[in-house]
Amino acid sequence: MIYAGPMPVTVLLVDDEPLVRAGLRAVLEAQPDIEVVGEAADGAAVIPLVRRLRPDVVAMDVRMPLLDGIEATRALLRTVDDPPRILVVTTFENDEYVYEALRAGADGFLLKRARPAEIVHAVRLIAEGESLLFPASVRQLAAEYGDTGGNRAARAVLERAGLTEREAEVLRLMARGLSNAEIAARLVVGTETVKSHVSAVLAKLGARDRTQAVIAAYESGFVAPG
């Protein structure tokens, strides 16, 4: 692939269905700023491939025969330094497996029936990490499957975090799916200021990205998912 601009977003595809991998590859490689660097048929192959290929994003099926996307996500985040972003690919939107994958550390999810433009948007958004992918769907999943308000560990994390009033406000806006630019416009501050607040929120919560921070906000009862 020849690309003269900035470095492309590199993607590893993990799905036990060859047709799904072929479809995703065709959609993504049609973009000049995205490159598919590898494929795997099961979650068990993810860690060695990530260590060798160092992709920016892993697009991974949530249900696979040997190691599913949930366990593969946990293993990847536990054992790989500076792990890639993880985009869970699923057949069903309202799926407890998807929420468990998000709780395990996945950065977002994508439906297999998504349109090509949605697939490309999802990969770019996950790679950038400055907005929440499908915030309304994440809220719905949290409302149905999350231990919202009843998770003692999540409540303890929020209590220990000691968020400032502005940081708490930023977390609430993050949970609504606003991007950094949208939060800046809402609060009438600069984008760099918002980035600093987001970084502080993530650091205080021990969250690797805004998806995990929002899940913690829902699970602790800090933000109602409904």
# chains A, B, ... in the order shown; residues from 1 in each chain; ligands from 1
>>> residues_around(residues="range 80-84 of chain A", least_positions_apart="2", cutoff="12 Å", atoms="only C-alpha atoms", output="number ranges by chain")
A: 9-12, 46-60, 72-78, 86-87, 105-107, 123, 126-129, 208-209
>>> closest_atom_pairs(of="range 57-164 of chain A", to="range 17-28 of chain A", cutoff="9 Å", atoms="only C-alpha atoms", output="JSON lines")
{"residue": "A:Lys112", "atom": "CA", "partner": "A:Val20", "partner_atom": "CA", "distance": 7.7}
{"residue": "A:Pro116", "atom": "CA", "partner": "A:Val27", "partner_atom": "CA", "distance": 5.9}
{"residue": "A:Ala117", "atom": "CA", "partner": "A:Val27", "partner_atom": "CA", "distance": 8.5}
{"residue": "A:Ile119", "atom": "CA", "partner": "A:Val27", "partner_atom": "CA", "distance": 7.7}
{"residue": "A:Val120", "atom": "CA", "partner": "A:Leu28", "partner_atom": "CA", "distance": 6.2}
{"residue": "A:Val123", "atom": "CA", "partner": "A:Leu28", "partner_atom": "CA", "distance": 8.6}
>>> residues_around(residues="range 182-188 of chain A", least_positions_apart="4", cutoff="10 Å", atoms="only C-alpha atoms", output="MDAnalysis selection string")
chainID A and resid 131 166 169:171 173:174 177:178 192:195
>>> residues_around(residues="Tyr97 in chain A", least_positions_apart="4", cutoff="10 Å", atoms="only C-alpha atoms", output="PyMOL selection string")
chain A and resi 62-63+68-70+88+90+92-93+101-103+141+145
>>> select_by_dssp(residues="range 1-222 of chain A", states="alpha helix (DSSP H)", output="compact mmCIF listing (two decimals) with N, CA, C and O atoms, in the first residue's frame")
# COMPACT_ATOMS: atom_id res chain seq x y z
N PRO A 18 -14.16 -16.16 7.65
CA PRO A 18 -13.31 -15.57 6.61
C PRO A 18 -14.03 -14.49 5.80
O PRO A 18 -13.40 -13.50 5.41
N LEU A 19 -15.32 -14.67 5.55
CA LEU A 19 -16.06 -13.68 4.77
C LEU A 19 -16.16 -12.35 5.50
O LEU A 19 -16.12 -11.28 4.87
N VAL A 20 -16.30 -12.39 6.82
CA VAL A 20 -16.35 -11.16 7.60
C VAL A 20 -15.01 -10.44 7.52
O VAL A 20 -14.95 -9.23 7.29
N ARG A 21 -13.93 -11.20 7.68
CA ARG A 21 -12.60 -10.59 7.59
C ARG A 21 -12.36 -10.00 6.20
O ARG A 21 -11.83 -8.88 6.08
N ALA A 22 -12.78 -10.72 5.17
CA ALA A 22 -12.59 -10.23 3.81
C ALA A 22 -13.39 -8.96 3.57
O ALA A 22 -12.90 -8.02 2.93
N GLY A 23 -14.62 -8.93 4.10
CA GLY A 23 -15.45 -7.73 3.93
C GLY A 23 -14.87 -6.53 4.64
O GLY A 23 -14.82 -5.42 4.07
N LEU A 24 -14.42 -6.72 5.87
CA LEU A 24 -13.82 -5.63 6.63
C LEU A 24 -12.54 -5.14 5.95
O LEU A 24 -12.28 -3.94 5.85
N ARG A 25 -11.72 -6.08 5.48
CA ARG A 25 -10.47 -5.70 4.81
C ARG A 25 -10.77 -4.85 3.58
O ARG A 25 -10.12 -3.82 3.35
N ALA A 26 -11.75 -5.27 2.78
CA ALA A 26 -12.08 -4.54 1.56
C ALA A 26 -12.54 -3.12 1.87
O ALA A 26 -12.14 -2.17 1.19
N VAL A 27 -13.36 -2.98 2.90
CA VAL A 27 -13.88 -1.66 3.27
C VAL A 27 -12.75 -0.77 3.79
O VAL A 27 -12.61 0.39 3.38
N LEU A 28 -11.94 -1.31 4.68
CA LEU A 28 -10.91 -0.49 5.32
C LEU A 28 -9.77 -0.14 4.37
O LEU A 28 -9.26 0.98 4.38
N VAL A 46 -4.28 -13.53 19.07
CA VAL A 46 -4.17 -12.07 19.11
C VAL A 46 -2.85 -11.59 19.70
O VAL A 46 -2.17 -10.74 19.11
N ILE A 47 -2.49 -12.10 20.85
CA ILE A 47 -1.31 -11.56 21.55
C ILE A 47 -0.03 -11.68 20.73
O ILE A 47 0.69 -10.69 20.55
N PRO A 48 0.31 -12.86 20.18
CA PRO A 48 1.54 -12.91 19.38
C PRO A 48 1.49 -12.02 18.14
O PRO A 48 2.51 -11.43 17.77
N LEU A 49 0.31 -11.90 17.52
CA LEU A 49 0.21 -11.04 16.34
C LEU A 49 0.36 -9.57 16.72
O LEU A 49 1.00 -8.80 16.00
N VAL A 50 -0.24 -9.16 17.84
CA VAL A 50 -0.11 -7.77 18.29
C VAL A 50 1.34 -7.45 18.59
O VAL A 50 1.84 -6.38 18.23
N ARG A 51 2.02 -8.37 19.24
CA ARG A 51 3.43 -8.13 19.58
C ARG A 51 4.29 -8.02 18.32
O ARG A 51 5.26 -7.25 18.28
N ARG A 52 3.94 -8.76 17.28
CA ARG A 52 4.74 -8.74 16.06
C ARG A 52 4.37 -7.59 15.14
O ARG A 52 5.26 -6.94 14.57
N LEU A 53 3.07 -7.30 15.03
CA LEU A 53 2.60 -6.31 14.05
C LEU A 53 2.38 -4.92 14.63
O LEU A 53 2.36 -3.94 13.88
N GLY A 69 -13.82 -12.73 22.36
CA GLY A 69 -13.31 -11.37 22.39
C GLY A 69 -13.15 -10.81 23.78
O GLY A 69 -12.29 -9.94 24.01
N ILE A 70 -13.96 -11.27 24.72
CA ILE A 70 -13.87 -10.77 26.10
C ILE A 70 -12.56 -11.23 26.74
O ILE A 70 -11.79 -10.41 27.26
N GLU A 71 -12.30 -12.53 26.68
CA GLU A 71 -11.08 -13.05 27.29
C GLU A 71 -9.84 -12.59 26.54
O GLU A 71 -8.80 -12.34 27.13
N ALA A 72 -9.96 -12.47 25.21
CA ALA A 72 -8.83 -11.98 24.43
C ALA A 72 -8.49 -10.54 24.79
O ALA A 72 -7.32 -10.16 24.87
N THR A 73 -9.53 -9.74 25.04
CA THR A 73 -9.31 -8.35 25.47
C THR A 73 -8.61 -8.31 26.82
O THR A 73 -7.63 -7.56 27.00
N ARG A 74 -9.10 -9.08 27.77
CA ARG A 74 -8.48 -9.13 29.10
C ARG A 74 -7.01 -9.54 29.00
O ARG A 74 -6.13 -8.93 29.61
N ALA A 75 -6.75 -10.60 28.23
CA ALA A 75 -5.38 -11.10 28.10
C ALA A 75 -4.48 -10.08 27.43
O ALA A 75 -3.33 -9.87 27.85
N LEU A 76 -4.99 -9.42 26.42
CA LEU A 76 -4.20 -8.44 25.68
C LEU A 76 -3.81 -7.27 26.58
O LEU A 76 -2.64 -6.85 26.62
N LEU A 77 -4.77 -6.75 27.32
CA LEU A 77 -4.49 -5.60 28.18
C LEU A 77 -3.62 -5.97 29.37
O LEU A 77 -2.90 -5.13 29.91
N ARG A 78 -3.69 -7.23 29.76
CA ARG A 78 -2.91 -7.68 30.92
C ARG A 78 -1.46 -7.96 30.57
O ARG A 78 -0.57 -7.79 31.42
N THR A 79 -1.20 -8.38 29.34
CA THR A 79 0.13 -8.89 29.03
C THR A 79 0.94 -8.06 28.03
O THR A 79 2.15 -8.27 27.92
N GLU A 96 -25.14 -8.91 25.93
CA GLU A 96 -24.40 -8.85 27.18
C GLU A 96 -22.90 -9.08 26.96
O GLU A 96 -22.06 -8.52 27.67
N TYR A 97 -22.56 -9.89 25.95
CA TYR A 97 -21.16 -10.14 25.64
C TYR A 97 -20.44 -8.83 25.28
O TYR A 97 -19.29 -8.62 25.63
N VAL A 98 -21.15 -7.96 24.57
CA VAL A 98 -20.55 -6.69 24.17
C VAL A 98 -20.25 -5.84 25.40
O VAL A 98 -19.16 -5.27 25.53
N TYR A 99 -21.21 -5.77 26.32
CA TYR A 99 -20.98 -4.97 27.52
C TYR A 99 -19.84 -5.55 28.36
O TYR A 99 -19.02 -4.80 28.91
N GLU A 100 -19.77 -6.87 28.44
CA GLU A 100 -18.68 -7.50 29.19
C GLU A 100 -17.34 -7.20 28.54
O GLU A 100 -16.34 -7.02 29.23
N ALA A 101 -17.33 -7.13 27.21
CA ALA A 101 -16.09 -6.78 26.52
C ALA A 101 -15.69 -5.34 26.83
O ALA A 101 -14.50 -5.04 27.03
N LEU A 102 -16.67 -4.44 26.87
CA LEU A 102 -16.38 -3.04 27.23
C LEU A 102 -15.87 -2.96 28.67
O LEU A 102 -14.92 -2.23 28.96
N ARG A 103 -16.50 -3.71 29.56
CA ARG A 103 -16.04 -3.72 30.96
C ARG A 103 -14.61 -4.28 31.05
O ARG A 103 -13.83 -3.87 31.90
N ALA A 104 -14.30 -5.22 30.16
CA ALA A 104 -12.97 -5.84 30.18
C ALA A 104 -11.89 -4.91 29.63
O ALA A 104 -10.71 -5.16 29.85
N PRO A 116 -20.38 0.58 5.21
CA PRO A 116 -18.93 0.85 5.06
C PRO A 116 -18.49 2.16 5.71
O PRO A 116 -17.45 2.20 6.37
N ALA A 117 -19.28 3.23 5.53
CA ALA A 117 -18.90 4.52 6.11
C ALA A 117 -18.86 4.44 7.63
O ALA A 117 -18.03 5.08 8.28
N GLU A 118 -19.77 3.66 8.24
CA GLU A 118 -19.80 3.51 9.70
C GLU A 118 -18.59 2.72 10.18
O GLU A 118 -18.03 3.02 11.25
N ILE A 119 -18.18 1.73 9.41
CA ILE A 119 -17.01 0.93 9.78
C ILE A 119 -15.76 1.80 9.78
O ILE A 119 -14.96 1.78 10.73
N VAL A 120 -15.59 2.56 8.72
CA VAL A 120 -14.43 3.45 8.63
C VAL A 120 -14.44 4.49 9.74
O VAL A 120 -13.41 4.74 10.38
N HIS A 121 -15.61 5.08 10.00
CA HIS A 121 -15.74 6.08 11.06
C HIS A 121 -15.37 5.47 12.41
O HIS A 121 -14.68 6.10 13.22
N ALA A 122 -15.84 4.25 12.65
CA ALA A 122 -15.57 3.60 13.94
C ALA A 122 -14.08 3.39 14.14
O ALA A 122 -13.55 3.66 15.22
N VAL A 123 -13.39 2.91 13.13
CA VAL A 123 -11.94 2.67 13.26
C VAL A 123 -11.20 3.97 13.50
O VAL A 123 -10.32 4.05 14.37
N ARG A 124 -11.55 5.01 12.75
CA ARG A 124 -10.88 6.30 12.93
C ARG A 124 -11.15 6.86 14.33
O ARG A 124 -10.24 7.38 14.99
N LEU A 125 -12.39 6.77 14.77
CA LEU A 125 -12.76 7.34 16.07
C LEU A 125 -12.07 6.60 17.21
O LEU A 125 -11.55 7.21 18.15
N ILE A 126 -12.04 5.28 17.11
CA ILE A 126 -11.36 4.47 18.13
C ILE A 126 -9.87 4.81 18.17
O ILE A 126 -9.26 4.92 19.23
N ALA A 127 -9.28 4.97 17.00
CA ALA A 127 -7.85 5.28 16.93
C ALA A 127 -7.54 6.64 17.55
O ALA A 127 -6.53 6.81 18.23
N GLU A 128 -8.42 7.62 17.31
CA GLU A 128 -8.21 8.97 17.84
C GLU A 128 -8.46 9.03 19.35
O GLU A 128 -7.76 9.73 20.07
N PRO A 135 -22.49 6.39 21.85
CA PRO A 135 -22.77 6.61 23.27
C PRO A 135 -24.17 6.17 23.70
O PRO A 135 -24.35 5.66 24.81
N ALA A 136 -25.18 6.35 22.84
CA ALA A 136 -26.54 5.95 23.20
C ALA A 136 -26.62 4.44 23.40
O ALA A 136 -27.29 3.95 24.32
N SER A 137 -25.93 3.69 22.55
CA SER A 137 -25.93 2.23 22.67
C SER A 137 -25.18 1.78 23.92
O SER A 137 -25.57 0.81 24.58
N VAL A 138 -24.09 2.47 24.24
CA VAL A 138 -23.35 2.14 25.46
C VAL A 138 -24.22 2.39 26.69
O VAL A 138 -24.25 1.60 27.63
N ARG A 139 -24.97 3.50 26.67
CA ARG A 139 -25.89 3.78 27.78
C ARG A 139 -26.94 2.67 27.91
O ARG A 139 -27.27 2.23 29.01
N GLN A 140 -27.48 2.24 26.77
CA GLN A 140 -28.50 1.19 26.79
C GLN A 140 -27.93 -0.11 27.35
O GLN A 140 -28.58 -0.79 28.15
N LEU A 141 -26.73 -0.47 26.93
CA LEU A 141 -26.09 -1.68 27.44
C LEU A 141 -25.84 -1.57 28.94
O LEU A 141 -26.07 -2.52 29.68
N ALA A 142 -25.38 -0.40 29.39
CA ALA A 142 -25.12 -0.21 30.81
C ALA A 142 -26.40 -0.31 31.62
O ALA A 142 -26.43 -0.90 32.71
N ALA A 143 -27.48 0.25 31.09
CA ALA A 143 -28.77 0.21 31.79
C ALA A 143 -29.28 -1.22 31.92
O ALA A 143 -29.87 -1.59 32.94
N GLU A 144 -29.05 -2.04 30.88
CA GLU A 144 -29.59 -3.39 30.89
C GLU A 144 -28.70 -4.40 31.59
O GLU A 144 -29.19 -5.28 32.30
N TYR A 145 -27.39 -4.26 31.42
CA TYR A 145 -26.48 -5.29 31.93
C TYR A 145 -25.53 -4.81 33.01
O TYR A 145 -24.88 -5.63 33.67
N ARG A 152 -19.64 -1.72 44.15
CA ARG A 152 -18.90 -1.08 45.24
C ARG A 152 -17.49 -0.67 44.83
O ARG A 152 -17.00 0.39 45.22
N ALA A 153 -16.87 -1.52 44.03
CA ALA A 153 -15.51 -1.21 43.60
C ALA A 153 -15.50 0.07 42.75
O ALA A 153 -14.64 0.93 42.92
N ALA A 154 -16.47 0.19 41.85
CA ALA A 154 -16.55 1.39 41.00
C ALA A 154 -16.84 2.62 41.83
O ALA A 154 -16.28 3.70 41.60
N ARG A 155 -17.73 2.48 42.83
CA ARG A 155 -18.03 3.62 43.71
C ARG A 155 -16.80 4.05 44.49
O ARG A 155 -16.53 5.24 44.66
N ALA A 156 -16.03 3.06 44.95
CA ALA A 156 -14.83 3.38 45.72
C ALA A 156 -13.81 4.11 44.85
O ALA A 156 -13.15 5.04 45.31
N VAL A 157 -13.70 3.70 43.59
CA VAL A 157 -12.76 4.36 42.67
C VAL A 157 -13.17 5.81 42.48
O VAL A 157 -12.33 6.72 42.52
N LEU A 158 -14.47 6.07 42.28
CA LEU A 158 -14.94 7.45 42.09
C LEU A 158 -14.71 8.28 43.35
O LEU A 158 -14.32 9.44 43.27
N GLU A 159 -14.94 7.68 44.50
CA GLU A 159 -14.76 8.41 45.75
C GLU A 159 -13.30 8.76 45.98
O GLU A 159 -12.96 9.87 46.40
N ARG A 160 -12.42 7.82 45.68
CA ARG A 160 -10.98 8.05 45.88
C ARG A 160 -10.42 9.03 44.85
O ARG A 160 -9.42 9.70 45.10
N ALA A 161 -11.07 9.09 43.69
CA ALA A 161 -10.55 9.92 42.60
C ALA A 161 -10.48 11.39 42.98
O ALA A 161 -9.56 12.11 42.57
N GLU A 165 -14.85 19.87 40.58
CA GLU A 165 -16.17 20.14 40.03
C GLU A 165 -16.13 20.18 38.50
O GLU A 165 -17.01 19.64 37.83
N ARG A 166 -15.10 20.79 37.94
CA ARG A 166 -14.99 20.86 36.49
C ARG A 166 -14.71 19.48 35.89
O ARG A 166 -15.26 19.13 34.85
N GLU A 167 -13.86 18.70 36.53
CA GLU A 167 -13.58 17.35 36.04
C GLU A 167 -14.83 16.48 36.06
O GLU A 167 -15.08 15.70 35.14
N ALA A 168 -15.63 16.61 37.12
CA ALA A 168 -16.89 15.86 37.20
C ALA A 168 -17.83 16.27 36.07
O ALA A 168 -18.51 15.42 35.47
N GLU A 169 -17.85 17.56 35.77
CA GLU A 169 -18.69 18.05 34.68
C GLU A 169 -18.22 17.49 33.35
O GLU A 169 -19.03 17.07 32.51
N VAL A 170 -16.92 17.43 33.16
CA VAL A 170 -16.36 16.87 31.93
C VAL A 170 -16.71 15.39 31.81
O VAL A 170 -17.07 14.91 30.73
N LEU A 171 -16.64 14.65 32.91
CA LEU A 171 -16.98 13.23 32.88
C LEU A 171 -18.45 13.03 32.49
O LEU A 171 -18.77 12.13 31.71
N ARG A 172 -19.32 13.86 33.01
CA ARG A 172 -20.74 13.75 32.65
C ARG A 172 -20.94 14.00 31.16
O ARG A 172 -21.74 13.32 30.50
N LEU A 173 -20.23 14.99 30.62
CA LEU A 173 -20.36 15.28 29.20
C LEU A 173 -19.74 14.18 28.35
O LEU A 173 -20.24 13.86 27.27
N MET A 174 -18.64 13.59 28.83
CA MET A 174 -18.05 12.45 28.14
C MET A 174 -19.06 11.30 28.07
O MET A 174 -19.18 10.64 27.03
N ALA A 175 -19.78 11.07 29.17
CA ALA A 175 -20.76 9.99 29.21
C ALA A 175 -21.91 10.21 28.23
O ALA A 175 -22.53 9.25 27.77
N ASN A 180 -14.14 16.12 22.52
CA ASN A 180 -13.41 17.20 23.19
C ASN A 180 -13.83 18.57 22.67
O ASN A 180 -14.00 19.51 23.44
N ALA A 181 -13.98 18.68 21.34
CA ALA A 181 -14.38 19.96 20.75
C ALA A 181 -15.79 20.36 21.20
O ALA A 181 -16.05 21.54 21.50
N GLU A 182 -16.69 19.39 21.29
CA GLU A 182 -18.06 19.68 21.73
C GLU A 182 -18.11 20.07 23.20
O GLU A 182 -18.87 20.96 23.61
N ILE A 183 -17.28 19.41 24.01
CA ILE A 183 -17.21 19.76 25.43
C ILE A 183 -16.65 21.17 25.58
O ILE A 183 -17.14 21.97 26.38
N ALA A 184 -15.63 21.50 24.79
CA ALA A 184 -15.03 22.84 24.84
C ALA A 184 -16.08 23.90 24.51
O ALA A 184 -16.15 24.95 25.17
N ALA A 185 -16.89 23.64 23.48
CA ALA A 185 -17.94 24.60 23.10
C ALA A 185 -18.98 24.73 24.19
O ALA A 185 -19.45 25.84 24.50
N ARG A 186 -19.33 23.62 24.82
CA ARG A 186 -20.34 23.65 25.89
C ARG A 186 -19.84 24.42 27.10
O ARG A 186 -20.60 25.17 27.73
N LEU A 187 -18.57 24.24 27.45
CA LEU A 187 -18.02 24.87 28.65
C LEU A 187 -17.38 26.23 28.36
O LEU A 187 -16.94 26.90 29.30
N THR A 191 -10.02 23.80 23.51
CA THR A 191 -9.94 22.34 23.36
C THR A 191 -8.78 21.76 24.16
O THR A 191 -8.90 20.68 24.73
N GLU A 192 -7.66 22.47 24.20
CA GLU A 192 -6.51 21.98 24.97
C GLU A 192 -6.83 21.90 26.45
O GLU A 192 -6.36 20.99 27.15
N THR A 193 -7.66 22.84 26.93
CA THR A 193 -8.08 22.79 28.33
C THR A 193 -8.91 21.55 28.59
O THR A 193 -8.74 20.87 29.61
N VAL A 194 -9.80 21.24 27.66
CA VAL A 194 -10.63 20.04 27.81
C VAL A 194 -9.76 18.79 27.79
O VAL A 194 -9.95 17.87 28.59
N LYS A 195 -8.78 18.75 26.88
CA LYS A 195 -7.88 17.59 26.83
C LYS A 195 -7.17 17.39 28.16
O LYS A 195 -6.99 16.26 28.62
N SER A 196 -6.79 18.50 28.79
CA SER A 196 -6.13 18.41 30.10
C SER A 196 -7.08 17.85 31.15
O SER A 196 -6.69 17.00 31.97
N HIS A 197 -8.34 18.30 31.12
CA HIS A 197 -9.33 17.80 32.07
C HIS A 197 -9.60 16.30 31.84
O HIS A 197 -9.70 15.53 32.80
N VAL A 198 -9.74 15.92 30.57
CA VAL A 198 -9.99 14.51 30.26
C VAL A 198 -8.82 13.66 30.74
O VAL A 198 -9.02 12.60 31.35
N SER A 199 -7.60 14.11 30.48
CA SER A 199 -6.42 13.36 30.93
C SER A 199 -6.41 13.22 32.45
O SER A 199 -6.06 12.15 32.97
N ALA A 200 -6.80 14.28 33.15
CA ALA A 200 -6.84 14.24 34.61
C ALA A 200 -7.90 13.25 35.10
O ALA A 200 -7.67 12.48 36.04
N VAL A 201 -9.06 13.25 34.44
CA VAL A 201 -10.13 12.32 34.81
C VAL A 201 -9.67 10.88 34.61
O VAL A 201 -9.85 10.02 35.50
N LEU A 202 -9.06 10.59 33.47
CA LEU A 202 -8.60 9.23 33.20
C LEU A 202 -7.54 8.81 34.21
O LEU A 202 -7.57 7.67 34.72
N ALA A 203 -6.63 9.70 34.50
CA ALA A 203 -5.56 9.38 35.46
C ALA A 203 -6.13 9.11 36.84
O ALA A 203 -5.74 8.14 37.51
N LYS A 204 -7.05 9.94 37.28
CA LYS A 204 -7.62 9.78 38.63
C LYS A 204 -8.47 8.52 38.75
O LYS A 204 -8.53 7.90 39.82
N LEU A 205 -9.12 8.13 37.65
CA LEU A 205 -9.96 6.93 37.68
C LEU A 205 -9.17 5.67 37.36
O LEU A 205 -9.69 4.56 37.50
N ARG A 210 -11.55 6.99 27.51
CA ARG A 210 -12.81 7.58 27.93
C ARG A 210 -13.92 6.54 28.01
O ARG A 210 -14.83 6.67 28.84
N THR A 211 -13.88 5.47 27.20
CA THR A 211 -14.89 4.43 27.31
C THR A 211 -14.86 3.80 28.69
O THR A 211 -15.91 3.61 29.32
N GLN A 212 -13.66 3.48 29.18
CA GLN A 212 -13.55 2.88 30.51
C GLN A 212 -13.96 3.85 31.61
O GLN A 212 -14.54 3.46 32.62
N ALA A 213 -13.67 5.12 31.42
CA ALA A 213 -14.08 6.13 32.40
C ALA A 213 -15.60 6.23 32.46
O ALA A 213 -16.19 6.33 33.54
N VAL A 214 -16.24 6.18 31.30
CA VAL A 214 -17.71 6.27 31.25
C VAL A 214 -18.34 5.02 31.86
O VAL A 214 -19.33 5.12 32.59
N ILE A 215 -17.79 3.85 31.57
CA ILE A 215 -18.31 2.63 32.18
C ILE A 215 -18.21 2.72 33.70
O ILE A 215 -19.14 2.37 34.43
N ALA A 216 -17.09 3.23 34.20
CA ALA A 216 -16.92 3.40 35.65
C ALA A 216 -17.94 4.39 36.20
O ALA A 216 -18.47 4.19 37.30
N ALA A 217 -18.23 5.44 35.44
CA ALA A 217 -19.22 6.43 35.88
C ALA A 217 -20.60 5.80 35.98
O ALA A 217 -21.36 6.08 36.93
N TYR A 218 -20.96 4.95 35.02
CA TYR A 218 -22.25 4.26 35.06
C TYR A 218 -22.30 3.26 36.21
O TYR A 218 -23.26 3.19 36.98
N GLU A 219 -21.25 2.43 36.32
CA GLU A 219 -21.24 1.36 37.31
C GLU A 219 -21.27 1.90 38.73
O GLU A 219 -21.82 1.26 39.63
N SER A 220 -20.69 3.05 38.95
CA SER A 220 -20.65 3.64 40.29
C SER A 220 -21.93 4.39 40.65
O SER A 220 -22.14 4.73 41.81
>>> closest_residue(among="A:Asp42, A:Asp95, A:Asp147, A:Asp33", to="Val14 in chain A", atoms="only C-alpha atoms")
A:Asp42
>>> closest_residue(among="A:Gly149, A:Phe109, A:Pro32, A:Gly190", to="Arg85 in chain A", atoms="only C-alpha atoms")
A:Phe109
>>> closest_residue(among="A:Ser179, A:Ala30, A:Val189, A:Asp61", to="Glu130 in chain A", atoms="only C-alpha atoms")
A:Ser179
>>> atom_distance(atom1="CA of Gly38 in chain A", atom2="CA of Leu13 in chain A")
6.3 Å
>>> select_by_dssp(residues="range 27-58 of chain A", states="strand (DSSP E)", output="PDB file with N, CA, C and O atoms, in the first residue's frame")
ATOM      1  N   ILE A  34      -5.972   4.104   6.221  1.00  0.00           N
ATOM      2  CA  ILE A  34      -6.136   2.885   7.019  1.00  0.00           C
ATOM      3  C   ILE A  34      -5.448   1.727   6.312  1.00  0.00           C
ATOM      4  O   ILE A  34      -5.581   1.560   5.103  1.00  0.00           O
ATOM      5  N   GLU A  35      -4.727   0.920   7.072  1.00  0.00           N
ATOM      6  CA  GLU A  35      -4.027  -0.242   6.513  1.00  0.00           C
ATOM      7  C   GLU A  35      -4.286  -1.474   7.372  1.00  0.00           C
ATOM      8  O   GLU A  35      -4.062  -1.443   8.597  1.00  0.00           O
ATOM      9  N   VAL A  36      -4.772  -2.534   6.783  1.00  0.00           N
ATOM     10  CA  VAL A  36      -4.944  -3.807   7.478  1.00  0.00           C
ATOM     11  C   VAL A  36      -3.608  -4.539   7.440  1.00  0.00           C
ATOM     12  O   VAL A  36      -3.104  -4.874   6.364  1.00  0.00           O
ATOM     13  N   VAL A  37      -3.042  -4.794   8.612  1.00  0.00           N
ATOM     14  CA  VAL A  37      -1.699  -5.378   8.670  1.00  0.00           C
ATOM     15  C   VAL A  37      -1.702  -6.870   8.960  1.00  0.00           C
ATOM     16  O   VAL A  37      -0.656  -7.524   8.884  1.00  0.00           O
ATOM     17  N   GLY A  38      -2.879  -7.421   9.314  1.00  0.00           N
ATOM     18  CA  GLY A  38      -2.920  -8.846   9.609  1.00  0.00           C
ATOM     19  C   GLY A  38      -4.315  -9.332   9.918  1.00  0.00           C
ATOM     20  O   GLY A  38      -5.241  -8.535  10.108  1.00  0.00           O
ATOM     21  N   GLU A  39      -4.457 -10.668   9.950  1.00  0.00           N
ATOM     22  CA  GLU A  39      -5.739 -11.302  10.255  1.00  0.00           C
ATOM     23  C   GLU A  39      -5.511 -12.491  11.169  1.00  0.00           C
ATOM     24  O   GLU A  39      -4.439 -13.105  11.172  1.00  0.00           O
ATOM     25  N   ALA A  40      -6.549 -12.828  11.944  1.00  0.00           N
ATOM     26  CA  ALA A  40      -6.530 -14.025  12.776  1.00  0.00           C
ATOM     27  C   ALA A  40      -7.939 -14.589  12.837  1.00  0.00           C
ATOM     28  O   ALA A  40      -8.917 -13.853  12.712  1.00  0.00           O
ATOM     29  N   VAL A  57      -5.185  -0.551  16.037  1.00  0.00           N
ATOM     30  CA  VAL A  57      -6.531  -0.998  16.389  1.00  0.00           C
ATOM     31  C   VAL A  57      -6.661  -2.489  16.121  1.00  0.00           C
ATOM     32  O   VAL A  57      -6.200  -2.981  15.083  1.00  0.00           O
ATOM     33  N   VAL A  58      -7.300  -3.205  17.053  1.00  0.00           N
ATOM     34  CA  VAL A  58      -7.686  -4.601  16.820  1.00  0.00           C
ATOM     35  C   VAL A  58      -9.203  -4.637  16.691  1.00  0.00           C
ATOM     36  O   VAL A  58      -9.924  -4.266  17.625  1.00  0.00           O
TER      37      VAL A  58
END
